[in-house]
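Below is model.pdb, which holds PDB, C-alpha atoms.
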```
ATOM      1  CA  MET S   1       6.501 -23.398  25.444
ATOM      2  CA  LEU S   2       4.911 -20.369  23.698
ATOM      3  CA  LEU S   3       6.970 -20.932  20.542
ATOM      4  CA  ARG S   4       6.039 -24.609  20.525
ATOM      5  CA  ALA S   5       2.356 -23.646  20.749
ATOM      6  CA  LEU S   6       2.805 -21.162  17.898
ATOM      7  CA  SER S   7       4.616 -23.827  15.832
ATOM      8  CA  ALA S   8       1.550 -26.004  16.320
ATOM      9  CA  GLY S   9      -0.602 -23.201  14.900
ATOM     10  CA  GLU S  10      -2.223 -21.997  18.119
ATOM     11  CA  GLU S  11      -3.617 -18.523  17.516
ATOM     12  CA  ARG S  12      -3.650 -17.731  21.238
ATOM     13  CA  ALA S  13       0.147 -18.063  21.330
ATOM     14  CA  PHE S  14       0.394 -15.821  18.282
ATOM     15  CA  ARG S  15      -1.827 -13.221  19.970
ATOM     16  CA  LYS S  16       0.411 -13.230  23.073
ATOM     17  CA  LEU S  17       3.508 -12.626  20.975
ATOM     18  CA  TYR S  18       1.703  -9.908  19.041
ATOM     19  CA  ASP S  19       0.599  -8.175  22.257
ATOM     20  CA  HIS S  20       4.143  -8.357  23.625
ATOM     21  CA  TYR S  21       6.098  -7.220  20.522
ATOM     22  CA  ALA S  22       3.758  -5.139  18.318
ATOM     23  CA  GLU S  23       4.346  -1.813  20.032
ATOM     24  CA  MET S  24       8.112  -2.292  19.905
ATOM     25  CA  VAL S  25       7.990  -3.152  16.184
ATOM     26  CA  TYR S  26       5.812  -0.098  15.530
ATOM     27  CA  SER S  27       8.215   2.212  17.413
ATOM     28  CA  VAL S  28      11.260   0.927  15.529
ATOM     29  CA  ALA S  29       9.411   1.115  12.202
ATOM     30  CA  LEU S  30       8.216   4.671  12.881
ATOM     31  CA  LEU S  31      11.749   5.719  13.771
ATOM     32  CA  HIS S  32      13.007   4.548  10.364
ATOM     33  CA  LEU S  33       9.993   5.132   8.104
ATOM     34  CA  LYS S  34       8.762   8.436   9.622
ATOM     35  CA  GLN S  35       5.150   7.756   8.593
ATOM     36  CA  PRO S  36       2.610   6.194  10.987
ATOM     37  CA  GLU S  37       0.629   4.427   8.237
ATOM     38  CA  LEU S  38       3.798   2.821   6.834
ATOM     39  CA  ALA S  39       4.815   1.765  10.332
ATOM     40  CA  GLU S  40       1.370   0.197  10.858
ATOM     41  CA  ASP S  41       1.686  -1.676   7.558
ATOM     42  CA  LEU S  42       5.139  -2.880   8.537
ATOM     43  CA  VAL S  43       3.850  -4.287  11.853
ATOM     44  CA  GLN S  44       1.289  -6.290   9.887
ATOM     45  CA  SER S  45       3.979  -7.515   7.463
ATOM     46  CA  VAL S  46       6.321  -8.608  10.259
ATOM     47  CA  PHE S  47       3.632 -10.556  12.073
ATOM     48  CA  LEU S  48       2.384 -12.106   8.842
ATOM     49  CA  LYS S  49       5.933 -13.326   8.203
ATOM     50  CA  LEU S  50       6.086 -14.635  11.771
ATOM     51  CA  TRP S  51       2.874 -16.590  11.233
ATOM     52  CA  GLU S  52       4.085 -17.947   7.902
ATOM     53  CA  SER S  53       7.394 -19.028   9.525
ATOM     54  CA  ARG S  54       5.780 -20.646  12.572
ATOM     55  CA  ALA S  55       6.675 -24.196  11.481
ATOM     56  CA  ASP S  56      10.394 -23.295  11.504
ATOM     57  CA  LEU S  57      10.388 -21.795  15.022
ATOM     58  CA  ASP S  58      11.501 -25.082  16.597
ATOM     59  CA  GLU S  59      14.950 -24.457  15.109
ATOM     60  CA  VAL S  60      15.221 -20.900  16.516
ATOM     61  CA  GLN S  61      17.693 -20.671  19.403
ATOM     62  CA  THR S  62      16.859 -17.167  20.644
ATOM     63  CA  PHE S  63      13.472 -15.856  19.600
ATOM     64  CA  ALA S  64      14.189 -12.215  20.506
ATOM     65  CA  GLY S  65      17.280 -12.139  18.261
ATOM     66  CA  TRP S  66      15.491 -13.946  15.445
ATOM     67  CA  PHE S  67      12.499 -11.616  15.687
ATOM     68  CA  TYR S  68      14.734  -8.530  15.749
ATOM     69  CA  THR S  69      16.430  -9.738  12.547
ATOM     70  CA  LEU S  70      13.033 -10.353  10.930
ATOM     71  CA  THR S  71      11.903  -6.825  11.833
ATOM     72  CA  ARG S  72      15.163  -5.218  10.663
ATOM     73  CA  ASN S  73      15.120  -7.072   7.336
ATOM     74  CA  THR S  74      11.492  -6.126   6.714
ATOM     75  CA  ILE S  75      12.281  -2.440   7.352
ATOM     76  CA  ILE S  76      15.330  -2.558   5.056
ATOM     77  CA  SER S  77      13.283  -4.223   2.324
ATOM     78  CA  LEU S  78      10.572  -1.560   2.580
ATOM     79  CA  LEU S  79      13.119   1.281   2.533
ATOM     80  CA  ARG S  80      14.713  -0.155  -0.607
ATOM     81  CA  LYS S  81      11.303  -0.503  -2.223
ATOM     82  CA  GLN S  82      10.456   3.106  -1.294
ATOM     83  CA  GLY S  83      13.680   4.316  -2.922
ATOM     84  CA  THR S  84      12.795   2.455  -6.100
ATOM     85  CA  GLN S  85       9.265   3.863  -6.074
ATOM     86  CA  VAL S  86      10.516   7.430  -5.607
ATOM     87  CA  ALA S  87      12.873   7.050  -8.591
ATOM     88  CA  TYR S  88      10.039   5.551 -10.653
ATOM     89  CA  LEU S  89       7.643   8.358  -9.726
ATOM     90  CA  ASP S  90      10.299  10.918 -10.704
ATOM     91  CA  PHE S  91      10.623   9.199 -14.081
ATOM     92  CA  LEU S  92       6.846   9.217 -14.585
ATOM     93  CA  LYS S  93       6.629  12.870 -13.530
ATOM     94  CA  GLN S  94       9.167  13.749 -16.221
ATOM     95  CA  ARG S  95       7.090  11.809 -18.776
ATOM     96  CA  LEU S  96       3.957  13.624 -17.603
ATOM     97  CA  ASP S  97       5.701  17.014 -17.858
ATOM     98  CA  LEU S  98       6.792  16.192 -21.423
ATOM     99  CA  LEU S  99       3.247  15.201 -22.261
ATOM    100  CA  HIS S 100       1.952  18.533 -20.929
ATOM    101  CA  THR S 101       4.136  20.467 -23.361
ATOM    102  CA  GLN S 102       2.226  19.063 -26.327
ATOM    103  CA  PRO S 103      -0.186  21.513 -28.074
ATOM    104  CA  ASP S 104      -3.194  19.206 -27.831
ATOM    105  CA  GLN S 105      -2.654  18.742 -24.101
ATOM    106  CA  GLU S 106      -6.073  20.077 -23.052
ATOM    107  CA  ILE S 107      -7.999  17.668 -25.299
ATOM    108  CA  PHE S 108      -5.818  14.810 -24.096
ATOM    109  CA  ARG S 109      -6.433  15.677 -20.433
ATOM    110  CA  LYS S 110     -10.200  15.863 -20.942
ATOM    111  CA  GLU S 111     -10.150  12.419 -22.531
ATOM    112  CA  GLN S 112      -8.083  11.087 -19.619
ATOM    113  CA  TRP S 113     -10.447  12.427 -17.010
ATOM    114  CA  GLN S 114     -13.509  11.233 -18.876
ATOM    115  CA  LEU S 115     -12.067   7.713 -19.066
ATOM    116  CA  ILE S 116     -11.140   7.778 -15.374
ATOM    117  CA  ARG S 117     -14.622   8.973 -14.377
ATOM    118  CA  GLN S 118     -16.217   6.180 -16.399
ATOM    119  CA  GLY S 119     -13.928   3.673 -14.701
ATOM    120  CA  ILE S 120     -14.748   5.029 -11.244
ATOM    121  CA  GLU S 121     -18.474   4.778 -11.984
ATOM    122  CA  GLN S 122     -17.965   1.024 -12.527
ATOM    123  CA  LEU S 123     -16.588   0.542  -8.985
ATOM    124  CA  SER S 124     -18.641  -0.620  -6.019
ATOM    125  CA  VAL S 125     -19.909   2.024  -3.592
ATOM    126  CA  GLN S 126     -17.355   0.929  -0.952
ATOM    127  CA  GLN S 127     -14.481   1.112  -3.443
ATOM    128  CA  ARG S 128     -15.547   4.560  -4.706
ATOM    129  CA  THR S 129     -15.866   5.860  -1.145
ATOM    130  CA  ALA S 130     -12.460   4.525  -0.051
ATOM    131  CA  LEU S 131     -10.818   5.890  -3.198
ATOM    132  CA  ALA S 132     -12.394   9.316  -2.737
ATOM    133  CA  LEU S 133     -11.310   9.505   0.906
ATOM    134  CA  GLN S 134      -7.762   8.523  -0.023
ATOM    135  CA  CYS S 135      -7.355  10.708  -3.122
ATOM    136  CA  ASP S 136      -9.480  13.729  -2.238
ATOM    137  CA  GLU S 137      -8.824  13.952   1.503
ATOM    138  CA  GLY S 138      -5.475  12.147   1.721
ATOM    139  CA  LEU S 139      -6.622   9.922   4.589
ATOM    140  CA  SER S 140      -4.584   6.907   5.728
ATOM    141  CA  TYR S 141      -6.044   3.387   5.776
ATOM    142  CA  LYS S 142      -6.837   3.899   9.448
ATOM    143  CA  GLY S 143      -8.547   7.252   8.815
ATOM    144  CA  ILE S 144     -10.596   5.826   5.960
ATOM    145  CA  GLY S 145     -11.538   2.829   8.098
ATOM    146  CA  GLU S 146     -12.723   5.073  10.929
ATOM    147  CA  ARG S 147     -14.796   7.170   8.535
ATOM    148  CA  MET S 148     -16.327   4.116   6.829
ATOM    149  CA  GLY S 149     -16.645   1.969   9.971
ATOM    150  CA  ILE S 150     -14.394  -0.824   8.654
ATOM    151  CA  SER S 151     -10.916  -2.155   9.484
ATOM    152  CA  PRO S 152      -7.753  -0.750   7.851
ATOM    153  CA  ASN S 153      -7.159  -4.158   6.227
ATOM    154  CA  THR S 154     -10.618  -4.043   4.627
ATOM    155  CA  VAL S 155      -9.806  -0.532   3.370
ATOM    156  CA  ARG S 156      -6.614  -1.892   1.809
ATOM    157  CA  VAL S 157      -8.593  -4.621   0.034
ATOM    158  CA  HIS S 158     -11.160  -2.105  -1.284
ATOM    159  CA  LEU S 159      -8.418   0.203  -2.591
ATOM    160  CA  PHE S 160      -6.449  -2.634  -4.172
ATOM    161  CA  ARG S 161      -9.551  -3.935  -5.940
ATOM    162  CA  ALA S 162     -10.518  -0.413  -7.009
ATOM    163  CA  MET S 163      -7.111   0.214  -8.556
ATOM    164  CA  GLU S 164      -7.110  -3.185 -10.282
ATOM    165  CA  SER S 165     -10.597  -2.520 -11.687
ATOM    166  CA  LEU S 166      -9.562   0.931 -12.908
ATOM    167  CA  ARG S 167      -6.409  -0.459 -14.499
ATOM    168  CA  ARG S 168      -8.378  -3.160 -16.329
ATOM    169  CA  PHE S 169     -11.021  -0.633 -17.416
ATOM    170  CA  VAL S 170      -8.448   1.806 -18.795
ATOM    171  CA  GLN S 171      -6.508  -1.010 -20.442
ATOM    172  CA  ALA S 172      -9.665  -2.286 -22.136
ATOM    173  CA  HIS S 173     -10.426   1.186 -23.502
ATOM    174  CA  ASN S 174      -6.916   2.322 -24.430
ATOM    175  CA  SER S 175      -4.015   0.227 -25.714
ATOM    176  CA  ASP S 176      -1.224   2.684 -24.825
ATOM    177  CA  SER S 177       0.475   1.187 -21.745
ATOM    178  CA  SER S 178       2.240   4.437 -20.825
ATOM    179  CA  LEU S 179      -1.159   6.149 -20.853
ATOM    180  CA  ILE S 180      -2.427   3.585 -18.350
ATOM    181  CA  ILE S 181       0.354   4.582 -15.941
ATOM    182  CA  LEU S 182      -0.309   8.268 -16.473
ATOM    183  CA  LEU S 183      -4.034   7.788 -15.935
ATOM    184  CA  TYR S 184      -3.295   6.037 -12.668
ATOM    185  CA  LEU S 185      -1.131   8.961 -11.573
ATOM    186  CA  LEU S 186      -3.809  11.490 -12.441
ATOM    187  CA  ILE S 187      -6.230  10.147  -9.834
ATOM    188  CA  VAL S 188      -3.670  10.788  -7.094
ATOM    189  CA  PRO S 189      -3.266  14.469  -6.207
ATOM    190  CA  HIS S 190       0.231  15.797  -6.954
ATOM    191  CA  SER S 191       0.642  17.050  -3.382
ATOM    192  CA  TRP S 192       0.096  13.491  -2.170
ATOM    193  CA  MET S 193       3.304  12.420  -3.910
ATOM    194  CA  GLY S 194       5.267  15.506  -2.957
ATOM    195  CA  TRP S 195       5.277  17.181  -6.390
TER
END
```
Mind turning this structure into structure tokens?
Amino acid sequence: MLLRALSAGEERAFRKLYDHYAEMVYSVALLHLKQPELAEDLVQSVFLKLWESRADLDEVQTFAGWFYTLTRNTIISLLRKQGTQVAYLDFLKQRLDLLHTQPDQEIFRKEQWQLIRQGIEQLSVQQRTALALQCDEGLSYKGIGERMGISPNTVRVHLFRAMESLRRFVQAHNSDSSLIILLYLLIVPHSWMGW
């Protein structure tokens, strides 16, 4: 009955399933991911996938088994992605270390920071605030949301738009694509990435 209502697009049915399963998904995600903010993001991803799959729920024999598989696959996908990101960040760190051995490093760094500051000045007040709270204080989406009085999802949107605006700004003012990546890394404190 509940699945049929969800298949028909009833948000009340979705809310009931969310209330029943969200804490369990969070606990399992936290067990595997070890970071509360990643676990929170994963809960959102799982339930977004549930909503997007609602039309196919009529064919599901056992919802609990199907939902468990959905949760497990989402966790595995995120863990794989994290592994790829860690390897990529290691590669970029090596590139950054090589760059720092160059004699004109100090001039280069000043130019980087100046370009980044100009890009940040172009952002909206909300985007600048969210970015500062994330980069300078290392707050999670939830922590930033509490400080700014907005939802974690709104924080995510502000940060995504801020990073896209910065990327476009840097790209418009410098044609070196590897420099764009390095500039992006420079606005994130090294301790934030475990360096």
**OP:** List the neighbours of Leu131 in chain S out to 12 Å using only C-alpha atoms; skip same-chain residues closer than 4 positions along the sequence, and give me the result as an MDAnalysis selection string.
**Re:** chainID S and resid 120:121 123:127 135:141 144:145 148 155:163 165:166 187:189
Original post:
For the file shown, what are the residues hit by the PyMOL selection byres ((chain S and resi 40) around 12), laid out as JSON, numbers by chain?
Top reply: {"S": [22, 23, 24, 25, 26, 27, 28, 29, 30, 33, 34, 35, 36, 37, 38, 39, 41, 42, 43, 44, 45, 46, 47, 75, 140, 141, 142, 152, 153]}
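With all atoms listed in the file as the atoms that count, the minimum distance from Arg167 in chain S to the choices S:Gln118, S:Lys81, S:Gln134, S:Thr71 is reached by S:Gln118.
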**OP:** Go through S:Val60, S:Ile150, S:Ala55, S:Leu115 one by one, measure the shortest atom-to-atom distance of each to Glu10 in chain S using all atoms listed in the file, and give the residue with the smallest value.
**Re:** S:Ala55
**OP:** Carefully work through the PyMOL selection byres ((chain S and resi 2-5) around 12) for this structure and note down the residues it includes, as a ChimeraX atom specification.
**Re:** /S:1,6-18,50-51,53-64,67
Based on the selection just made, write C-alpha atoms of those residues as a PDB file, in the coordinates of the input.
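Below you can see result.pdb, which holds the result:
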```
ATOM      1  CA  MET S   1       6.501 -23.398  25.444  1.00  0.00           C
ATOM      2  CA  LEU S   6       2.805 -21.162  17.898  1.00  0.00           C
ATOM      3  CA  SER S   7       4.616 -23.827  15.832  1.00  0.00           C
ATOM      4  CA  ALA S   8       1.550 -26.004  16.320  1.00  0.00           C
ATOM      5  CA  GLY S   9      -0.602 -23.201  14.900  1.00  0.00           C
ATOM      6  CA  GLU S  10      -2.223 -21.997  18.119  1.00  0.00           C
ATOM      7  CA  GLU S  11      -3.617 -18.523  17.516  1.00  0.00           C
ATOM      8  CA  ARG S  12      -3.650 -17.731  21.238  1.00  0.00           C
ATOM      9  CA  ALA S  13       0.147 -18.063  21.330  1.00  0.00           C
ATOM     10  CA  PHE S  14       0.394 -15.821  18.282  1.00  0.00           C
ATOM     11  CA  ARG S  15      -1.827 -13.221  19.970  1.00  0.00           C
ATOM     12  CA  LYS S  16       0.411 -13.230  23.073  1.00  0.00           C
ATOM     13  CA  LEU S  17       3.508 -12.626  20.975  1.00  0.00           C
ATOM     14  CA  TYR S  18       1.703  -9.908  19.041  1.00  0.00           C
ATOM     15  CA  LEU S  50       6.086 -14.635  11.771  1.00  0.00           C
ATOM     16  CA  TRP S  51       2.874 -16.590  11.233  1.00  0.00           C
ATOM     17  CA  SER S  53       7.394 -19.028   9.525  1.00  0.00           C
ATOM     18  CA  ARG S  54       5.780 -20.646  12.572  1.00  0.00           C
ATOM     19  CA  ALA S  55       6.675 -24.196  11.481  1.00  0.00           C
ATOM     20  CA  ASP S  56      10.394 -23.295  11.504  1.00  0.00           C
ATOM     21  CA  LEU S  57      10.388 -21.795  15.022  1.00  0.00           C
ATOM     22  CA  ASP S  58      11.501 -25.082  16.597  1.00  0.00           C
ATOM     23  CA  GLU S  59      14.950 -24.457  15.109  1.00  0.00           C
ATOM     24  CA  VAL S  60      15.221 -20.900  16.516  1.00  0.00           C
ATOM     25  CA  GLN S  61      17.693 -20.671  19.403  1.00  0.00           C
ATOM     26  CA  THR S  62      16.859 -17.167  20.644  1.00  0.00           C
ATOM     27  CA  PHE S  63      13.472 -15.856  19.600  1.00  0.00           C
ATOM     28  CA  ALA S  64      14.189 -12.215  20.506  1.00  0.00           C
ATOM     29  CA  PHE S  67      12.499 -11.616  15.687  1.00  0.00           C
TER      30      PHE S  67
END
```
Could you give me the axis-aligned bounding box of range 140-143 of chain S, with 3 Å of padding per side, as centre plus edge lengths in Å to one decimal, as lines of an AutoDock Vina configuration file?
```
center_x = -6.6
center_y = 5.3
center_z = 7.6
size_x = 10.0
size_y = 9.9
size_z = 9.7
```
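Here CA of Val170 in chain S and CA of Gly119 in chain S stand 7.1 Å from one another.
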Subject >> Residue with smallest distance to Leu48 in chain S - pool S:Thr74, S:Arg128, S:Ile116, S:Glu146, counting all atoms listed in the file >> reply: S:Thr74
Original post:
So how far away is CA of Glu111 in chain S from CA of Leu133 in chain S, in Å?
Top reply: 23.6 Å
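Across the model, the gap from CA of His173 in chain S to CA of Ala132 in chain S is 22.4 Å.
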